[in-house]
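One file, run_33.txt, is given below (compact mmCIF, N, CA and C atoms).
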```
# COMPACT_ATOMS: atom_id res chain seq x y z
N MET A 23 -22.07 -8.23 9.54
CA MET A 23 -21.55 -8.49 8.21
C MET A 23 -20.02 -8.57 8.29
N LYS A 24 -19.48 -9.62 7.72
CA LYS A 24 -18.03 -9.82 7.72
C LYS A 24 -17.42 -9.12 6.51
N THR A 25 -16.37 -8.35 6.75
CA THR A 25 -15.67 -7.65 5.67
C THR A 25 -14.59 -8.55 5.11
N ASP A 26 -14.49 -8.58 3.79
CA ASP A 26 -13.48 -9.43 3.17
C ASP A 26 -12.08 -8.81 3.33
N GLN A 27 -11.07 -9.63 3.21
CA GLN A 27 -9.69 -9.21 3.43
C GLN A 27 -9.27 -8.08 2.50
N LEU A 28 -9.66 -8.16 1.25
CA LEU A 28 -9.27 -7.13 0.29
C LEU A 28 -9.85 -5.77 0.68
N SER A 29 -11.08 -5.75 1.16
CA SER A 29 -11.68 -4.48 1.60
C SER A 29 -10.96 -3.93 2.81
N LEU A 30 -10.59 -4.80 3.74
CA LEU A 30 -9.83 -4.36 4.92
C LEU A 30 -8.49 -3.77 4.50
N THR A 31 -7.83 -4.42 3.57
CA THR A 31 -6.52 -3.94 3.10
C THR A 31 -6.63 -2.56 2.46
N PHE A 32 -7.57 -2.42 1.53
CA PHE A 32 -7.69 -1.12 0.85
C PHE A 32 -8.18 -0.03 1.79
N ALA A 33 -9.04 -0.37 2.73
CA ALA A 33 -9.48 0.63 3.71
C ALA A 33 -8.30 1.10 4.56
N ALA A 34 -7.43 0.17 4.95
CA ALA A 34 -6.26 0.53 5.74
C ALA A 34 -5.30 1.39 4.93
N LEU A 35 -5.17 1.11 3.65
CA LEU A 35 -4.26 1.85 2.78
C LEU A 35 -4.82 3.22 2.37
N ALA A 36 -6.07 3.47 2.66
CA ALA A 36 -6.71 4.72 2.24
C ALA A 36 -6.17 5.94 2.97
N ASP A 37 -5.53 5.74 4.10
CA ASP A 37 -5.05 6.87 4.91
C ASP A 37 -3.55 7.09 4.70
N PRO A 38 -3.12 8.33 4.44
CA PRO A 38 -1.70 8.59 4.18
C PRO A 38 -0.80 8.31 5.38
N THR A 39 -1.30 8.49 6.60
CA THR A 39 -0.49 8.18 7.78
C THR A 39 -0.21 6.69 7.85
N ARG A 40 -1.23 5.88 7.58
CA ARG A 40 -1.03 4.43 7.61
C ARG A 40 -0.10 3.98 6.50
N ARG A 41 -0.19 4.61 5.33
CA ARG A 41 0.76 4.26 4.26
C ARG A 41 2.17 4.63 4.66
N ALA A 42 2.34 5.76 5.35
CA ALA A 42 3.68 6.18 5.81
C ALA A 42 4.22 5.19 6.85
N ILE A 43 3.35 4.71 7.71
CA ILE A 43 3.76 3.72 8.71
C ILE A 43 4.23 2.45 8.02
N LEU A 44 3.48 2.00 7.03
CA LEU A 44 3.89 0.79 6.29
C LEU A 44 5.21 1.02 5.56
N ALA A 45 5.38 2.21 4.98
CA ALA A 45 6.64 2.51 4.29
C ALA A 45 7.81 2.44 5.26
N ARG A 46 7.61 2.89 6.47
CA ARG A 46 8.68 2.80 7.48
C ARG A 46 8.95 1.36 7.84
N LEU A 47 7.88 0.55 7.96
CA LEU A 47 8.05 -0.85 8.36
C LEU A 47 8.70 -1.71 7.27
N VAL A 48 8.71 -1.22 6.04
CA VAL A 48 9.43 -1.92 4.98
C VAL A 48 10.91 -2.00 5.33
N GLU A 49 11.40 -0.98 6.06
CA GLU A 49 12.81 -0.94 6.46
C GLU A 49 13.12 -1.90 7.60
N GLY A 50 12.10 -2.37 8.31
CA GLY A 50 12.32 -3.30 9.42
C GLY A 50 11.41 -2.97 10.60
N GLU A 51 11.49 -3.81 11.62
CA GLU A 51 10.66 -3.63 12.82
C GLU A 51 10.88 -2.27 13.44
N ALA A 52 9.83 -1.78 14.12
CA ALA A 52 9.93 -0.50 14.81
C ALA A 52 8.97 -0.48 15.99
N MET A 53 9.32 0.32 16.97
CA MET A 53 8.44 0.53 18.12
C MET A 53 7.44 1.63 17.79
N VAL A 54 6.34 1.67 18.53
CA VAL A 54 5.29 2.66 18.29
C VAL A 54 5.87 4.07 18.32
N GLY A 55 6.74 4.36 19.27
CA GLY A 55 7.35 5.69 19.36
C GLY A 55 8.13 6.05 18.11
N GLU A 56 8.84 5.08 17.56
CA GLU A 56 9.59 5.32 16.32
C GLU A 56 8.64 5.60 15.16
N LEU A 57 7.53 4.87 15.12
CA LEU A 57 6.56 5.06 14.05
C LEU A 57 5.84 6.40 14.18
N ALA A 58 5.68 6.87 15.42
CA ALA A 58 4.98 8.12 15.67
C ALA A 58 5.87 9.33 15.41
N ALA A 59 7.18 9.18 15.55
CA ALA A 59 8.12 10.32 15.51
C ALA A 59 7.92 11.26 14.32
N PRO A 60 7.79 10.76 13.08
CA PRO A 60 7.69 11.70 11.96
C PRO A 60 6.32 12.37 11.81
N HIS A 61 5.36 11.98 12.64
CA HIS A 61 4.00 12.49 12.49
C HIS A 61 3.67 13.46 13.63
N ASP A 62 2.92 14.47 13.30
CA ASP A 62 2.52 15.46 14.28
C ASP A 62 1.21 15.01 14.93
N MET A 63 1.30 13.94 15.72
CA MET A 63 0.11 13.43 16.40
C MET A 63 0.54 12.69 17.66
N SER A 64 -0.41 12.45 18.52
CA SER A 64 -0.13 11.80 19.80
C SER A 64 0.11 10.30 19.61
N LEU A 65 0.74 9.69 20.61
CA LEU A 65 0.94 8.23 20.56
C LEU A 65 -0.40 7.49 20.49
N PRO A 66 -1.44 7.90 21.24
CA PRO A 66 -2.72 7.21 21.09
C PRO A 66 -3.29 7.28 19.67
N SER A 67 -3.08 8.40 19.00
CA SER A 67 -3.56 8.51 17.61
C SER A 67 -2.81 7.54 16.70
N VAL A 68 -1.51 7.46 16.87
CA VAL A 68 -0.72 6.51 16.06
C VAL A 68 -1.14 5.09 16.41
N SER A 69 -1.40 4.82 17.68
CA SER A 69 -1.86 3.49 18.09
C SER A 69 -3.18 3.12 17.41
N ARG A 70 -4.06 4.09 17.25
CA ARG A 70 -5.33 3.81 16.55
C ARG A 70 -5.06 3.45 15.09
N HIS A 71 -4.13 4.14 14.45
CA HIS A 71 -3.76 3.79 13.07
C HIS A 71 -3.18 2.38 13.03
N LEU A 72 -2.35 2.06 14.00
CA LEU A 72 -1.76 0.71 14.05
C LEU A 72 -2.82 -0.36 14.23
N LYS A 73 -3.85 -0.07 15.01
CA LYS A 73 -4.94 -1.04 15.21
C LYS A 73 -5.66 -1.33 13.89
N VAL A 74 -5.87 -0.29 13.08
CA VAL A 74 -6.49 -0.48 11.76
C VAL A 74 -5.59 -1.38 10.90
N LEU A 75 -4.29 -1.10 10.92
CA LEU A 75 -3.34 -1.91 10.15
C LEU A 75 -3.28 -3.34 10.66
N GLU A 76 -3.38 -3.52 11.97
CA GLU A 76 -3.40 -4.86 12.55
C GLU A 76 -4.66 -5.62 12.14
N ARG A 77 -5.82 -4.95 12.22
CA ARG A 77 -7.08 -5.60 11.82
C ARG A 77 -7.03 -6.05 10.36
N ALA A 78 -6.35 -5.28 9.54
CA ALA A 78 -6.21 -5.62 8.12
C ALA A 78 -5.14 -6.68 7.90
N GLY A 79 -4.41 -7.04 8.95
CA GLY A 79 -3.36 -8.06 8.84
C GLY A 79 -2.06 -7.54 8.27
N LEU A 80 -1.96 -6.22 8.11
CA LEU A 80 -0.76 -5.63 7.51
C LEU A 80 0.38 -5.43 8.51
N VAL A 81 0.03 -5.33 9.79
CA VAL A 81 1.03 -5.12 10.84
C VAL A 81 0.82 -6.16 11.92
N VAL A 82 1.91 -6.70 12.39
CA VAL A 82 1.90 -7.67 13.49
C VAL A 82 2.75 -7.09 14.61
N LYS A 83 2.21 -7.11 15.82
CA LYS A 83 2.99 -6.66 16.98
C LYS A 83 3.57 -7.88 17.66
N GLY A 84 4.88 -7.84 17.87
CA GLY A 84 5.56 -8.91 18.59
C GLY A 84 5.62 -8.60 20.06
N ARG A 85 6.37 -9.41 20.77
CA ARG A 85 6.56 -9.17 22.20
C ARG A 85 8.00 -9.51 22.54
N SER A 86 8.69 -8.52 23.07
CA SER A 86 10.06 -8.70 23.49
C SER A 86 10.19 -8.04 24.86
N GLY A 87 9.93 -8.82 25.91
CA GLY A 87 9.89 -8.25 27.25
C GLY A 87 8.73 -7.29 27.34
N GLN A 88 8.99 -6.07 27.75
CA GLN A 88 7.92 -5.07 27.83
C GLN A 88 7.71 -4.35 26.51
N TRP A 89 8.56 -4.59 25.54
CA TRP A 89 8.48 -3.92 24.25
C TRP A 89 7.55 -4.67 23.32
N ARG A 90 6.90 -3.92 22.43
CA ARG A 90 5.99 -4.49 21.44
C ARG A 90 6.40 -4.01 20.04
N PRO A 91 7.46 -4.60 19.49
CA PRO A 91 7.89 -4.16 18.16
C PRO A 91 6.84 -4.49 17.10
N CYS A 92 6.67 -3.60 16.13
CA CYS A 92 5.73 -3.80 15.03
C CYS A 92 6.51 -4.22 13.80
N ARG A 93 5.90 -5.10 13.02
CA ARG A 93 6.53 -5.50 11.76
C ARG A 93 5.46 -5.61 10.68
N LEU A 94 5.89 -5.48 9.46
CA LEU A 94 5.01 -5.56 8.30
C LEU A 94 4.74 -7.02 7.96
N ASP A 95 3.49 -7.35 7.68
CA ASP A 95 3.14 -8.67 7.14
C ASP A 95 2.71 -8.42 5.69
N PRO A 96 3.49 -8.86 4.72
CA PRO A 96 3.22 -8.52 3.32
C PRO A 96 2.10 -9.32 2.66
N VAL A 97 1.58 -10.35 3.31
CA VAL A 97 0.59 -11.22 2.66
C VAL A 97 -0.62 -10.45 2.14
N PRO A 98 -1.26 -9.58 2.95
CA PRO A 98 -2.41 -8.84 2.40
C PRO A 98 -2.04 -7.94 1.22
N LEU A 99 -0.83 -7.39 1.22
CA LEU A 99 -0.39 -6.57 0.09
C LEU A 99 -0.20 -7.42 -1.16
N THR A 100 0.29 -8.63 -0.97
CA THR A 100 0.47 -9.56 -2.08
C THR A 100 -0.89 -9.90 -2.69
N GLU A 101 -1.88 -10.13 -1.83
CA GLU A 101 -3.23 -10.43 -2.32
C GLU A 101 -3.81 -9.24 -3.07
N ALA A 102 -3.59 -8.02 -2.57
CA ALA A 102 -4.07 -6.82 -3.25
C ALA A 102 -3.37 -6.66 -4.60
N ASP A 103 -2.08 -6.94 -4.63
CA ASP A 103 -1.31 -6.85 -5.87
C ASP A 103 -1.84 -7.85 -6.90
N GLN A 104 -2.16 -9.05 -6.46
CA GLN A 104 -2.71 -10.07 -7.37
C GLN A 104 -4.07 -9.62 -7.91
N TRP A 105 -4.88 -8.99 -7.07
CA TRP A 105 -6.18 -8.52 -7.50
C TRP A 105 -6.03 -7.41 -8.55
N MET A 106 -5.01 -6.57 -8.39
CA MET A 106 -4.80 -5.45 -9.31
C MET A 106 -4.11 -5.85 -10.61
N ALA A 107 -3.54 -7.03 -10.69
CA ALA A 107 -2.75 -7.44 -11.86
C ALA A 107 -3.50 -7.29 -13.18
N PRO A 108 -4.75 -7.73 -13.30
CA PRO A 108 -5.44 -7.56 -14.59
C PRO A 108 -5.61 -6.09 -14.97
N TYR A 109 -5.80 -5.23 -13.99
CA TYR A 109 -5.95 -3.81 -14.28
C TYR A 109 -4.63 -3.21 -14.71
N ARG A 110 -3.55 -3.65 -14.09
CA ARG A 110 -2.21 -3.19 -14.49
C ARG A 110 -1.95 -3.61 -15.93
N ASP A 111 -2.29 -4.86 -16.28
CA ASP A 111 -2.11 -5.34 -17.65
C ASP A 111 -2.95 -4.52 -18.63
N PHE A 112 -4.17 -4.19 -18.24
CA PHE A 112 -5.06 -3.39 -19.07
C PHE A 112 -4.42 -2.04 -19.39
N PHE A 113 -3.93 -1.35 -18.33
CA PHE A 113 -3.34 -0.04 -18.54
C PHE A 113 -2.03 -0.11 -19.31
N GLU A 114 -1.22 -1.12 -19.06
CA GLU A 114 0.03 -1.26 -19.81
C GLU A 114 -0.25 -1.46 -21.29
N THR A 115 -1.29 -2.23 -21.60
CA THR A 115 -1.66 -2.45 -23.00
C THR A 115 -2.10 -1.14 -23.64
N ARG A 116 -2.90 -0.37 -22.91
CA ARG A 116 -3.38 0.91 -23.44
C ARG A 116 -2.25 1.91 -23.61
N PHE A 117 -1.33 1.94 -22.66
CA PHE A 117 -0.18 2.85 -22.77
C PHE A 117 0.71 2.46 -23.94
N ALA A 118 0.89 1.15 -24.15
CA ALA A 118 1.71 0.69 -25.28
C ALA A 118 1.05 1.09 -26.60
N ARG A 119 -0.26 0.96 -26.67
CA ARG A 119 -0.99 1.35 -27.87
C ARG A 119 -0.87 2.86 -28.10
N LEU A 120 -0.99 3.65 -27.04
CA LEU A 120 -0.84 5.11 -27.15
C LEU A 120 0.57 5.47 -27.60
N GLU A 121 1.56 4.79 -27.05
CA GLU A 121 2.95 5.06 -27.44
C GLU A 121 3.16 4.78 -28.93
N ARG A 122 2.59 3.67 -29.42
CA ARG A 122 2.72 3.36 -30.86
C ARG A 122 2.03 4.42 -31.71
N GLN A 123 0.85 4.86 -31.27
CA GLN A 123 0.11 5.88 -32.02
C GLN A 123 0.89 7.20 -32.07
N LEU A 124 1.46 7.61 -30.95
CA LEU A 124 2.25 8.84 -30.91
C LEU A 124 3.49 8.73 -31.79
N ALA A 125 4.12 7.56 -31.77
CA ALA A 125 5.30 7.35 -32.61
C ALA A 125 4.92 7.43 -34.08
N ASP A 126 3.77 6.85 -34.45
CA ASP A 126 3.30 6.93 -35.84
C ASP A 126 3.04 8.38 -36.24
N GLU A 127 2.41 9.14 -35.35
CA GLU A 127 2.13 10.55 -35.65
C GLU A 127 3.42 11.35 -35.80
N ARG A 128 4.44 11.06 -34.97
CA ARG A 128 5.73 11.76 -35.07
C ARG A 128 6.38 11.45 -36.42
N ARG A 129 6.30 10.17 -36.82
CA ARG A 129 6.89 9.78 -38.12
C ARG A 129 6.19 10.49 -39.27
N GLN A 130 4.87 10.61 -39.18
CA GLN A 130 4.12 11.30 -40.24
C GLN A 130 4.48 12.78 -40.29
N GLU A 131 4.67 13.40 -39.12
CA GLU A 131 5.04 14.82 -39.09
C GLU A 131 6.44 15.03 -39.65
N ASP A 132 7.35 14.08 -39.40
CA ASP A 132 8.72 14.20 -39.85
C ASP A 132 8.85 13.92 -41.35
N ALA A 133 7.86 13.22 -41.90
CA ALA A 133 7.95 12.84 -43.32
C ALA A 133 7.60 13.98 -44.25
```
Could the structure of this file be written out as structure tokens, please?
Amino acid sequence: MKTDQLSLTFAALADPTRRAILARLVEGEAMVGELAAPHDMSLPSVSRHLKVLERAGLVVKGRSGQWRPCRLDPVPLTEADQWMAPYRDFFETRFARLERQLADERRQEDA
């Protein structure tokens, strides 16, 4: 069974270590050692997290001589953001309605 891109993206984002790795890559390319430094885990463990991110298309490893710098590929995040847009609109509408209701109640209490 083939997993769709959106499922791969959300599965990759489900882990806090992988989210931290992506947050670091927002700042620019990094080597595996740099990505592993803030985490209390072995390089092979971080490499396994990177493989999940690569399979989801969120991380791309380049090649510079013997080095393999990692970089963020934002396309899957953009697709996830587009999928979430209607839900964001739904909640914004509900929050705006709640804000109006609370303001009305405050005005009634002040009157």
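Ranking A:Arg128, A:Ala102, A:Thr39, A:Arg110 by their shortest atom-to-atom distance to A:Met63, with only C-alpha atoms included, puts A:Thr39 first.
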Report task. Step one, run DSSP on the backbone; step two, keep only residues of chain A assigned to strand (DSSP E or B); then write them as a PyMOL selection string. Result -> chain A and resi 52+81-83+86+89+92-94
Please give the complete set of residues from stretch 35-118 of chain A that DSSP, run on the backbone, assigns to alpha helix (DSSP H), formatted as number ranges by chain. A: 35, 38-48, 54-58, 65-77, 97-118
Closest of A:Met53, A:Ala107, A:Ala118, A:Ala34 to A:Trp89, counting all atoms listed in the file, is A:Met53
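Within the 6.5 Å cut-off around A:Ala52, using all atoms listed in the file and omitting residues fewer than 5 positions from it on the same chain, the listed residues are Leu47, Leu57, Arg90, Pro91, Cys92 and Arg93 of chain A.
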Please dump the current selection as a PDB file, in the frame of the given file; keep N, CA and C atoms.
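Result file is out-v6.pdb:
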```pdb
ATOM      1  N   LEU A  47       7.880   0.550   7.960  1.00  0.00           N
ATOM      2  CA  LEU A  47       8.050  -0.850   8.360  1.00  0.00           C
ATOM      3  C   LEU A  47       8.700  -1.710   7.270  1.00  0.00           C
ATOM      4  N   LEU A  57       7.530   4.870  15.120  1.00  0.00           N
ATOM      5  CA  LEU A  57       6.560   5.060  14.050  1.00  0.00           C
ATOM      6  C   LEU A  57       5.840   6.400  14.180  1.00  0.00           C
ATOM      7  N   ARG A  90       6.900  -3.920  22.430  1.00  0.00           N
ATOM      8  CA  ARG A  90       5.990  -4.490  21.440  1.00  0.00           C
ATOM      9  C   ARG A  90       6.400  -4.010  20.040  1.00  0.00           C
ATOM     10  N   PRO A  91       7.460  -4.600  19.490  1.00  0.00           N
ATOM     11  CA  PRO A  91       7.890  -4.160  18.160  1.00  0.00           C
ATOM     12  C   PRO A  91       6.840  -4.490  17.100  1.00  0.00           C
ATOM     13  N   CYS A  92       6.670  -3.600  16.130  1.00  0.00           N
ATOM     14  CA  CYS A  92       5.730  -3.800  15.030  1.00  0.00           C
ATOM     15  C   CYS A  92       6.510  -4.220  13.800  1.00  0.00           C
ATOM     16  N   ARG A  93       5.900  -5.100  13.020  1.00  0.00           N
ATOM     17  CA  ARG A  93       6.530  -5.500  11.760  1.00  0.00           C
ATOM     18  C   ARG A  93       5.460  -5.610  10.680  1.00  0.00           C
TER      19      ARG A  93
END
```
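With only C-alpha atoms as the atoms that count, the residue of A:Ala125, A:Gln27, A:Val74, A:Leu94 with the shortest distance to A:Arg46 is A:Leu94.
With distances taken over all atoms listed in the file, A:Ala78 is the one residue among A:Ala58, A:Leu72, A:Ala78, A:Val97 lying closest to A:Ala33.
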If we count only C-alpha atoms, what is near A:His61 at a cut-off of 12 Å, once residues fewer than 6 positions away on the same chain are taken out, given as a tab-separated table (two decimals) with N, CA and C atoms, in the frame of the given file?
```tsv
chain	number	residue	atom	x	y	z
A	38	PRO	N	-3.12	8.33	4.44
A	38	PRO	CA	-1.70	8.59	4.18
A	38	PRO	C	-0.80	8.31	5.38
A	39	THR	N	-1.30	8.49	6.60
A	39	THR	CA	-0.49	8.18	7.78
A	39	THR	C	-0.21	6.69	7.85
A	40	ARG	N	-1.23	5.88	7.58
A	40	ARG	CA	-1.03	4.43	7.61
A	40	ARG	C	-0.10	3.98	6.50
A	42	ALA	N	2.34	5.76	5.35
A	42	ALA	CA	3.68	6.18	5.81
A	42	ALA	C	4.22	5.19	6.85
A	43	ILE	N	3.35	4.71	7.71
A	43	ILE	CA	3.76	3.72	8.71
A	43	ILE	C	4.23	2.45	8.02
A	46	ARG	N	7.61	2.89	6.47
A	46	ARG	CA	8.68	2.80	7.48
A	46	ARG	C	8.95	1.36	7.84
A	54	VAL	N	6.34	1.67	18.53
A	54	VAL	CA	5.29	2.66	18.29
A	54	VAL	C	5.87	4.07	18.32
A	55	GLY	N	6.74	4.36	19.27
A	55	GLY	CA	7.35	5.69	19.36
A	55	GLY	C	8.13	6.05	18.11
A	67	SER	N	-3.08	8.40	19.00
A	67	SER	CA	-3.56	8.51	17.61
A	67	SER	C	-2.81	7.54	16.70
A	68	VAL	N	-1.51	7.46	16.87
A	68	VAL	CA	-0.72	6.51	16.06
A	68	VAL	C	-1.14	5.09	16.41
A	71	HIS	N	-4.13	4.14	14.45
A	71	HIS	CA	-3.76	3.79	13.07
A	71	HIS	C	-3.18	2.38	13.03
```
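The interatomic distance for the pair atom CA of A:Phe112 and atom CA of A:Arg41 works out to 25.2 Å.
Distance annotation: of A:Leu44, A:Met106, A:Leu65, A:Ala59, the residue with the minimal separation from A:Val81 is A:Leu44; atom set is all atoms listed in the file.
Rounded to one decimal, atom C of A:Leu75 and atom CA of A:Pro108 lie 25.7 Å from each other.
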Could you write stretch 28-38 of chain A as a PDB file, in the coordinates of the input, with all heavy atoms rebuilt where they are missing?
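Writing the result to rebuild_37.pdb gives the following:
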```
ATOM      1  N   LEU A  28      -9.660  -8.160   1.250  1.00  0.00           N
ATOM      2  CA  LEU A  28      -9.270  -7.130   0.290  1.00  0.00           C
ATOM      3  C   LEU A  28      -9.850  -5.770   0.680  1.00  0.00           C
ATOM      4  O   LEU A  28      -9.158  -4.751   0.595  1.00  0.00           O
ATOM      5  CB  LEU A  28      -9.744  -7.539  -1.110  1.00  0.00           C
ATOM      6  CG  LEU A  28      -9.106  -6.851  -2.299  1.00  0.00           C
ATOM      7  CD1 LEU A  28      -7.594  -6.972  -2.283  1.00  0.00           C
ATOM      8  CD2 LEU A  28      -9.659  -7.414  -3.590  1.00  0.00           C
ATOM      9  N   SER A  29     -11.080  -5.750   1.160  1.00  0.00           N
ATOM     10  CA  SER A  29     -11.680  -4.480   1.600  1.00  0.00           C
ATOM     11  C   SER A  29     -10.960  -3.930   2.810  1.00  0.00           C
ATOM     12  O   SER A  29     -10.731  -2.712   2.908  1.00  0.00           O
ATOM     13  CB  SER A  29     -13.164  -4.687   1.929  1.00  0.00           C
ATOM     14  OG  SER A  29     -13.876  -5.025   0.760  1.00  0.00           O
ATOM     15  N   LEU A  30     -10.590  -4.800   3.740  1.00  0.00           N
ATOM     16  CA  LEU A  30      -9.830  -4.360   4.920  1.00  0.00           C
ATOM     17  C   LEU A  30      -8.490  -3.770   4.500  1.00  0.00           C
ATOM     18  O   LEU A  30      -8.058  -2.735   5.028  1.00  0.00           O
ATOM     19  CB  LEU A  30      -9.605  -5.517   5.880  1.00  0.00           C
ATOM     20  CG  LEU A  30     -10.814  -6.028   6.649  1.00  0.00           C
ATOM     21  CD1 LEU A  30     -10.470  -7.312   7.401  1.00  0.00           C
ATOM     22  CD2 LEU A  30     -11.324  -4.970   7.602  1.00  0.00           C
ATOM     23  N   THR A  31      -7.830  -4.420   3.570  1.00  0.00           N
ATOM     24  CA  THR A  31      -6.520  -3.940   3.100  1.00  0.00           C
ATOM     25  C   THR A  31      -6.630  -2.560   2.460  1.00  0.00           C
ATOM     26  O   THR A  31      -5.896  -1.635   2.814  1.00  0.00           O
ATOM     27  CB  THR A  31      -5.901  -4.937   2.096  1.00  0.00           C
ATOM     28  OG1 THR A  31      -5.734  -6.203   2.752  1.00  0.00           O
ATOM     29  CG2 THR A  31      -4.560  -4.453   1.570  1.00  0.00           C
ATOM     30  N   PHE A  32      -7.570  -2.420   1.530  1.00  0.00           N
ATOM     31  CA  PHE A  32      -7.690  -1.120   0.850  1.00  0.00           C
ATOM     32  C   PHE A  32      -8.180  -0.030   1.790  1.00  0.00           C
ATOM     33  O   PHE A  32      -7.751   1.117   1.670  1.00  0.00           O
ATOM     34  CB  PHE A  32      -8.604  -1.243  -0.378  1.00  0.00           C
ATOM     35  CG  PHE A  32      -7.915  -1.885  -1.561  1.00  0.00           C
ATOM     36  CD1 PHE A  32      -8.423  -3.039  -2.134  1.00  0.00           C
ATOM     37  CD2 PHE A  32      -6.765  -1.334  -2.094  1.00  0.00           C
ATOM     38  CE1 PHE A  32      -7.792  -3.633  -3.215  1.00  0.00           C
ATOM     39  CE2 PHE A  32      -6.123  -1.914  -3.179  1.00  0.00           C
ATOM     40  CZ  PHE A  32      -6.641  -3.074  -3.742  1.00  0.00           C
ATOM     41  N   ALA A  33      -9.040  -0.370   2.730  1.00  0.00           N
ATOM     42  CA  ALA A  33      -9.480   0.630   3.710  1.00  0.00           C
ATOM     43  C   ALA A  33      -8.300   1.100   4.560  1.00  0.00           C
ATOM     44  O   ALA A  33      -8.157   2.295   4.835  1.00  0.00           O
ATOM     45  CB  ALA A  33     -10.586   0.057   4.590  1.00  0.00           C
ATOM     46  N   ALA A  34      -7.430   0.170   4.950  1.00  0.00           N
ATOM     47  CA  ALA A  34      -6.260   0.530   5.740  1.00  0.00           C
ATOM     48  C   ALA A  34      -5.300   1.390   4.930  1.00  0.00           C
ATOM     49  O   ALA A  34      -4.692   2.335   5.450  1.00  0.00           O
ATOM     50  CB  ALA A  34      -5.548  -0.724   6.245  1.00  0.00           C
ATOM     51  N   LEU A  35      -5.170   1.110   3.650  1.00  0.00           N
ATOM     52  CA  LEU A  35      -4.260   1.850   2.780  1.00  0.00           C
ATOM     53  C   LEU A  35      -4.820   3.220   2.370  1.00  0.00           C
ATOM     54  O   LEU A  35      -4.083   4.040   1.811  1.00  0.00           O
ATOM     55  CB  LEU A  35      -3.955   1.042   1.514  1.00  0.00           C
ATOM     56  CG  LEU A  35      -3.173  -0.250   1.719  1.00  0.00           C
ATOM     57  CD1 LEU A  35      -3.098  -1.025   0.414  1.00  0.00           C
ATOM     58  CD2 LEU A  35      -1.795   0.034   2.279  1.00  0.00           C
ATOM     59  N   ALA A  36      -6.070   3.470   2.660  1.00  0.00           N
ATOM     60  CA  ALA A  36      -6.710   4.720   2.240  1.00  0.00           C
ATOM     61  C   ALA A  36      -6.170   5.940   2.970  1.00  0.00           C
ATOM     62  O   ALA A  36      -6.306   7.054   2.495  1.00  0.00           O
ATOM     63  CB  ALA A  36      -8.229   4.629   2.438  1.00  0.00           C
ATOM     64  N   ASP A  37      -5.530   5.740   4.100  1.00  0.00           N
ATOM     65  CA  ASP A  37      -5.050   6.870   4.910  1.00  0.00           C
ATOM     66  C   ASP A  37      -3.550   7.090   4.700  1.00  0.00           C
ATOM     67  O   ASP A  37      -2.763   6.136   4.794  1.00  0.00           O
ATOM     68  CB  ASP A  37      -5.329   6.590   6.389  1.00  0.00           C
ATOM     69  CG  ASP A  37      -4.961   7.770   7.244  1.00  0.00           C
ATOM     70  OD1 ASP A  37      -3.786   7.847   7.662  1.00  0.00           O
ATOM     71  OD2 ASP A  37      -5.823   8.618   7.483  1.00  0.00           O
ATOM     72  N   PRO A  38      -3.120   8.330   4.440  1.00  0.00           N
ATOM     73  CA  PRO A  38      -1.700   8.590   4.180  1.00  0.00           C
ATOM     74  C   PRO A  38      -0.800   8.310   5.380  1.00  0.00           C
ATOM     75  O   PRO A  38       0.353   7.900   5.201  1.00  0.00           O
ATOM     76  CB  PRO A  38      -1.646  10.062   3.791  1.00  0.00           C
ATOM     77  CG  PRO A  38      -2.941  10.653   4.202  1.00  0.00           C
ATOM     78  CD  PRO A  38      -3.941   9.542   4.286  1.00  0.00           C
TER      79      PRO A  38
END
```
